[in-house]
Amino acid sequence: MAFGLIHALQAQGMPQKQIVEALALARKISLAEAQHYYEQMARAANGGEH
């Protein structure tokens with residue numbers, strides 16, 4: 001799942017830009033879609049709504 005990948009890369013200290021790029025490559029999606037996934041994960045981690 002995309003959120004697991006994002007969390008793992010964050011735990012390694014990878015910057016947001018690189019995480020989004022890695023996610024786009026891993027999932028074969030656009031950078032915009034990857035950014036959307038990243039923002040969803042960030043909102044969920046902060047207790048925000050989906």
# chains A, B, ... in the order shown; residues from 1 in each chain; ligands from 1
call {"tool": "residues_around", "arguments": {"residues": "stretch 28-45 of chain A", "least_positions_apart": "2", "cutoff": "9 Å", "atoms": "only C-alpha atoms", "output": "list in words"}}
result
Ala2, Phe3, Ile6, His7, Gln16, Lys17, Ile19, Val20, Glu21, Ala22, Leu23, Ala24, Leu25, Ala26, Gly47, Gly48, Glu49 and His50 of chain A
call {"tool": "write_last_selection", "arguments": {"atoms": "all heavy atoms", "output": "short mmCIF file (atom, residue, chain, number, x, y, z; two decimals), in the first residue's frame"}}
result
data_model
loop_
_atom_site.label_atom_id
_atom_site.label_comp_id
_atom_site.auth_asym_id
_atom_site.auth_seq_id
_atom_site.Cartn_x
_atom_site.Cartn_y
_atom_site.Cartn_z
N ALA A 2 0.41 2.28 -0.62
CA ALA A 2 1.19 3.51 -0.75
C ALA A 2 1.54 4.11 0.61
O ALA A 2 2.64 4.60 0.80
CB ALA A 2 0.41 4.53 -1.58
N PHE A 3 0.60 4.04 1.55
CA PHE A 3 0.85 4.66 2.85
C PHE A 3 1.99 3.97 3.59
O PHE A 3 2.77 4.61 4.27
CB PHE A 3 -0.42 4.67 3.69
CG PHE A 3 -1.52 5.51 3.08
CD1 PHE A 3 -2.79 5.00 2.94
CD2 PHE A 3 -1.28 6.79 2.63
CE1 PHE A 3 -3.81 5.75 2.38
CE2 PHE A 3 -2.28 7.56 2.05
CZ PHE A 3 -3.55 7.04 1.93
N ILE A 6 5.24 5.26 2.08
CA ILE A 6 5.49 6.63 2.52
C ILE A 6 6.01 6.63 3.95
O ILE A 6 7.00 7.29 4.27
CB ILE A 6 4.20 7.48 2.42
CG1 ILE A 6 3.82 7.69 0.95
CG2 ILE A 6 4.38 8.83 3.12
CD1 ILE A 6 2.44 8.28 0.74
N HIS A 7 5.35 5.89 4.82
CA HIS A 7 5.75 5.84 6.23
C HIS A 7 7.17 5.30 6.37
O HIS A 7 7.98 5.83 7.12
CB HIS A 7 4.77 4.99 7.04
CG HIS A 7 5.11 4.93 8.48
ND1 HIS A 7 4.96 6.02 9.32
CD2 HIS A 7 5.61 3.93 9.23
CE1 HIS A 7 5.36 5.67 10.53
NE2 HIS A 7 5.76 4.41 10.51
N GLN A 16 10.29 14.98 1.67
CA GLN A 16 8.99 14.82 1.00
C GLN A 16 9.14 14.69 -0.51
O GLN A 16 8.54 13.83 -1.12
CB GLN A 16 8.07 15.99 1.34
CG GLN A 16 6.75 15.92 0.59
CD GLN A 16 5.85 17.11 0.86
OE1 GLN A 16 6.02 17.81 1.85
NE2 GLN A 16 4.90 17.33 -0.01
N LYS A 17 9.92 15.56 -1.12
CA LYS A 17 10.06 15.54 -2.58
C LYS A 17 10.55 14.18 -3.07
O LYS A 17 10.03 13.64 -4.05
CB LYS A 17 11.04 16.64 -3.01
CG LYS A 17 11.20 16.76 -4.52
CD LYS A 17 12.11 17.94 -4.86
CE LYS A 17 12.17 18.19 -6.34
NZ LYS A 17 13.12 17.33 -7.04
N ILE A 19 10.29 11.30 -1.46
CA ILE A 19 9.26 10.31 -1.17
C ILE A 19 8.22 10.31 -2.27
O ILE A 19 7.82 9.25 -2.77
CB ILE A 19 8.60 10.56 0.21
CG1 ILE A 19 9.63 10.32 1.32
CG2 ILE A 19 7.37 9.68 0.39
CD1 ILE A 19 9.14 10.72 2.70
N VAL A 20 7.78 11.49 -2.67
CA VAL A 20 6.77 11.60 -3.74
C VAL A 20 7.31 11.02 -5.03
O VAL A 20 6.61 10.27 -5.73
CB VAL A 20 6.32 13.07 -3.90
CG1 VAL A 20 5.47 13.25 -5.15
CG2 VAL A 20 5.56 13.53 -2.67
N GLU A 21 8.56 11.31 -5.35
CA GLU A 21 9.16 10.77 -6.58
C GLU A 21 9.27 9.25 -6.51
O GLU A 21 8.97 8.55 -7.49
CB GLU A 21 10.53 11.41 -6.81
CG GLU A 21 10.44 12.87 -7.19
CD GLU A 21 11.79 13.58 -7.19
OE1 GLU A 21 12.80 12.97 -6.78
OE2 GLU A 21 11.82 14.76 -7.59
N ALA A 22 9.69 8.72 -5.38
CA ALA A 22 9.82 7.27 -5.22
C ALA A 22 8.45 6.59 -5.32
O ALA A 22 8.32 5.52 -5.93
CB ALA A 22 10.47 6.94 -3.88
N LEU A 23 7.46 7.22 -4.73
CA LEU A 23 6.10 6.67 -4.79
C LEU A 23 5.58 6.64 -6.22
O LEU A 23 5.00 5.65 -6.66
CB LEU A 23 5.18 7.50 -3.90
CG LEU A 23 3.72 7.07 -3.84
CD1 LEU A 23 3.59 5.66 -3.31
CD2 LEU A 23 2.94 8.04 -2.96
N ALA A 24 5.83 7.71 -6.96
CA ALA A 24 5.40 7.77 -8.35
C ALA A 24 6.04 6.66 -9.17
O ALA A 24 5.37 6.00 -9.97
CB ALA A 24 5.73 9.14 -8.95
N LEU A 25 7.33 6.43 -8.95
CA LEU A 25 8.02 5.37 -9.68
C LEU A 25 7.52 3.99 -9.26
O LEU A 25 7.27 3.13 -10.10
CB LEU A 25 9.53 5.46 -9.42
CG LEU A 25 10.26 6.59 -10.13
CD1 LEU A 25 11.70 6.67 -9.65
CD2 LEU A 25 10.22 6.41 -11.63
N ALA A 26 7.37 3.78 -7.97
CA ALA A 26 6.98 2.46 -7.46
C ALA A 26 5.56 2.08 -7.89
O ALA A 26 5.30 0.93 -8.22
CB ALA A 26 7.08 2.44 -5.93
N GLY A 47 -4.41 13.30 12.30
CA GLY A 47 -5.75 13.15 12.84
C GLY A 47 -6.82 13.86 12.05
O GLY A 47 -7.95 14.00 12.51
N GLY A 48 -6.48 14.30 10.84
CA GLY A 48 -7.43 15.01 10.00
C GLY A 48 -8.37 14.05 9.31
O GLY A 48 -8.24 12.83 9.40
N GLU A 49 -9.35 14.61 8.61
CA GLU A 49 -10.28 13.79 7.87
C GLU A 49 -9.70 13.39 6.53
O GLU A 49 -8.77 14.02 6.04
CB GLU A 49 -11.59 14.57 7.66
CG GLU A 49 -12.30 14.85 8.97
CD GLU A 49 -13.62 15.59 8.74
OE1 GLU A 49 -14.05 15.68 7.60
OE2 GLU A 49 -14.18 16.04 9.73
N HIS A 50 -10.26 12.37 5.92
CA HIS A 50 -9.75 11.86 4.64
C HIS A 50 -10.17 12.73 3.51
O HIS A 50 -11.16 13.22 3.33
CB HIS A 50 -10.23 10.44 4.40
CG HIS A 50 -9.73 9.50 5.46
ND1 HIS A 50 -8.44 9.04 5.47
CD2 HIS A 50 -10.33 8.98 6.53
CE1 HIS A 50 -8.29 8.26 6.52
NE2 HIS A 50 -9.43 8.20 7.17
#
call {"tool": "select_by_dssp", "arguments": {"residues": "chain A", "states": "helix (DSSP H, G or I)", "output": "MDAnalysis selection string"}}
result
chainID A and resid 2:11 16:27 31:45
call {"tool": "decode", "arguments": {"residues": "stretch 37-48 of chain A", "atoms": "all heavy atoms", "output": "PDB file, in the first residue's frame"}}
result
ATOM      1  N   TYR A  37      -1.422  11.221  -2.693  1.00  0.00           N
ATOM      2  CA  TYR A  37      -1.292  10.148  -1.713  1.00  0.00           C
ATOM      3  C   TYR A  37      -0.523  10.636  -0.490  1.00  0.00           C
ATOM      4  O   TYR A  37      -0.890  10.359   0.652  1.00  0.00           O
ATOM      5  CB  TYR A  37      -0.551   8.945  -2.298  1.00  0.00           C
ATOM      6  CG  TYR A  37      -1.416   8.013  -3.101  1.00  0.00           C
ATOM      7  CD1 TYR A  37      -1.164   7.809  -4.456  1.00  0.00           C
ATOM      8  CD2 TYR A  37      -2.466   7.311  -2.517  1.00  0.00           C
ATOM      9  CE1 TYR A  37      -1.941   6.940  -5.208  1.00  0.00           C
ATOM     10  CE2 TYR A  37      -3.242   6.433  -3.263  1.00  0.00           C
ATOM     11  CZ  TYR A  37      -2.978   6.262  -4.601  1.00  0.00           C
ATOM     12  OH  TYR A  37      -3.736   5.399  -5.333  1.00  0.00           O
ATOM     13  N   TYR A  38       0.567  11.354  -0.744  1.00  0.00           N
ATOM     14  CA  TYR A  38       1.395  11.847   0.363  1.00  0.00           C
ATOM     15  C   TYR A  38       0.584  12.777   1.264  1.00  0.00           C
ATOM     16  O   TYR A  38       0.637  12.665   2.486  1.00  0.00           O
ATOM     17  CB  TYR A  38       2.621  12.584  -0.196  1.00  0.00           C
ATOM     18  CG  TYR A  38       3.573  13.015   0.882  1.00  0.00           C
ATOM     19  CD1 TYR A  38       4.634  12.194   1.263  1.00  0.00           C
ATOM     20  CD2 TYR A  38       3.420  14.236   1.535  1.00  0.00           C
ATOM     21  CE1 TYR A  38       5.510  12.580   2.260  1.00  0.00           C
ATOM     22  CE2 TYR A  38       4.292  14.620   2.534  1.00  0.00           C
ATOM     23  CZ  TYR A  38       5.337  13.790   2.898  1.00  0.00           C
ATOM     24  OH  TYR A  38       6.184  14.175   3.897  1.00  0.00           O
ATOM     25  N   GLU A  39      -0.166  13.682   0.655  1.00  0.00           N
ATOM     26  CA  GLU A  39      -0.971  14.630   1.436  1.00  0.00           C
ATOM     27  C   GLU A  39      -2.067  13.915   2.220  1.00  0.00           C
ATOM     28  O   GLU A  39      -2.350  14.289   3.364  1.00  0.00           O
ATOM     29  CB  GLU A  39      -1.560  15.695   0.515  1.00  0.00           C
ATOM     30  CG  GLU A  39      -0.494  16.636  -0.017  1.00  0.00           C
ATOM     31  CD  GLU A  39      -0.980  17.535  -1.140  1.00  0.00           C
ATOM     32  OE1 GLU A  39      -2.163  17.436  -1.527  1.00  0.00           O
ATOM     33  OE2 GLU A  39      -0.163  18.325  -1.634  1.00  0.00           O
ATOM     34  N   GLN A  40      -2.674  12.884   1.628  1.00  0.00           N
ATOM     35  CA  GLN A  40      -3.687  12.097   2.346  1.00  0.00           C
ATOM     36  C   GLN A  40      -3.068  11.451   3.574  1.00  0.00           C
ATOM     37  O   GLN A  40      -3.656  11.453   4.649  1.00  0.00           O
ATOM     38  CB  GLN A  40      -4.261  10.998   1.451  1.00  0.00           C
ATOM     39  CG  GLN A  40      -5.324  11.456   0.510  1.00  0.00           C
ATOM     40  CD  GLN A  40      -5.950  10.266  -0.213  1.00  0.00           C
ATOM     41  OE1 GLN A  40      -5.265   9.316  -0.573  1.00  0.00           O
ATOM     42  NE2 GLN A  40      -7.244  10.325  -0.423  1.00  0.00           N
ATOM     43  N   MET A  41      -1.881  10.889   3.401  1.00  0.00           N
ATOM     44  CA  MET A  41      -1.214  10.236   4.518  1.00  0.00           C
ATOM     45  C   MET A  41      -0.862  11.240   5.603  1.00  0.00           C
ATOM     46  O   MET A  41      -1.042  10.971   6.779  1.00  0.00           O
ATOM     47  CB  MET A  41       0.046   9.528   4.002  1.00  0.00           C
ATOM     48  CG  MET A  41       0.651   8.526   4.970  1.00  0.00           C
ATOM     49  SD  MET A  41       1.658   9.195   6.308  1.00  0.00           S
ATOM     50  CE  MET A  41       2.878  10.113   5.415  1.00  0.00           C
ATOM     51  N   ALA A  42      -0.418  12.419   5.207  1.00  0.00           N
ATOM     52  CA  ALA A  42      -0.056  13.442   6.173  1.00  0.00           C
ATOM     53  C   ALA A  42      -1.280  13.895   6.977  1.00  0.00           C
ATOM     54  O   ALA A  42      -1.207  14.067   8.192  1.00  0.00           O
ATOM     55  CB  ALA A  42       0.598  14.634   5.475  1.00  0.00           C
ATOM     56  N   ARG A  43      -2.420  14.059   6.286  1.00  0.00           N
ATOM     57  CA  ARG A  43      -3.653  14.442   6.988  1.00  0.00           C
ATOM     58  C   ARG A  43      -4.091  13.357   7.957  1.00  0.00           C
ATOM     59  O   ARG A  43      -4.464  13.636   9.090  1.00  0.00           O
ATOM     60  CB  ARG A  43      -4.779  14.715   5.990  1.00  0.00           C
ATOM     61  CG  ARG A  43      -4.710  16.086   5.357  1.00  0.00           C
ATOM     62  CD  ARG A  43      -6.007  16.467   4.657  1.00  0.00           C
ATOM     63  NE  ARG A  43      -6.398  15.516   3.636  1.00  0.00           N
ATOM     64  CZ  ARG A  43      -6.031  15.571   2.367  1.00  0.00           C
ATOM     65  NH1 ARG A  43      -5.256  16.540   1.954  1.00  0.00           N
ATOM     66  NH2 ARG A  43      -6.441  14.677   1.509  1.00  0.00           N
ATOM     67  N   ALA A  44      -4.011  12.105   7.542  1.00  0.00           N
ATOM     68  CA  ALA A  44      -4.408  10.989   8.402  1.00  0.00           C
ATOM     69  C   ALA A  44      -3.494  10.908   9.628  1.00  0.00           C
ATOM     70  O   ALA A  44      -3.958  10.671  10.740  1.00  0.00           O
ATOM     71  CB  ALA A  44      -4.361   9.684   7.619  1.00  0.00           C
ATOM     72  N   ALA A  45      -2.201  11.132   9.430  1.00  0.00           N
ATOM     73  CA  ALA A  45      -1.247  11.076  10.525  1.00  0.00           C
ATOM     74  C   ALA A  45      -1.487  12.197  11.543  1.00  0.00           C
ATOM     75  O   ALA A  45      -1.212  12.038  12.727  1.00  0.00           O
ATOM     76  CB  ALA A  45       0.182  11.151   9.993  1.00  0.00           C
ATOM     77  N   ASN A  46      -2.030  13.308  11.069  1.00  0.00           N
ATOM     78  CA  ASN A  46      -2.301  14.448  11.940  1.00  0.00           C
ATOM     79  C   ASN A  46      -3.712  14.401  12.525  1.00  0.00           C
ATOM     80  O   ASN A  46      -4.165  15.362  13.114  1.00  0.00           O
ATOM     81  CB  ASN A  46      -2.093  15.762  11.188  1.00  0.00           C
ATOM     82  CG  ASN A  46      -0.623  15.995  10.872  1.00  0.00           C
ATOM     83  OD1 ASN A  46       0.249  15.605  11.634  1.00  0.00           O
ATOM     84  ND2 ASN A  46      -0.358  16.635   9.756  1.00  0.00           N
ATOM     85  N   GLY A  47      -4.413  13.305  12.298  1.00  0.00           N
ATOM     86  CA  GLY A  47      -5.752  13.153  12.839  1.00  0.00           C
ATOM     87  C   GLY A  47      -6.823  13.862  12.051  1.00  0.00           C
ATOM     88  O   GLY A  47      -7.949  14.003  12.511  1.00  0.00           O
ATOM     89  N   GLY A  48      -6.476  14.304  10.837  1.00  0.00           N
ATOM     90  CA  GLY A  48      -7.434  15.009   9.999  1.00  0.00           C
ATOM     91  C   GLY A  48      -8.374  14.055   9.308  1.00  0.00           C
ATOM     92  O   GLY A  48      -8.240  12.833   9.400  1.00  0.00           O
TER      93      GLY A  48
END
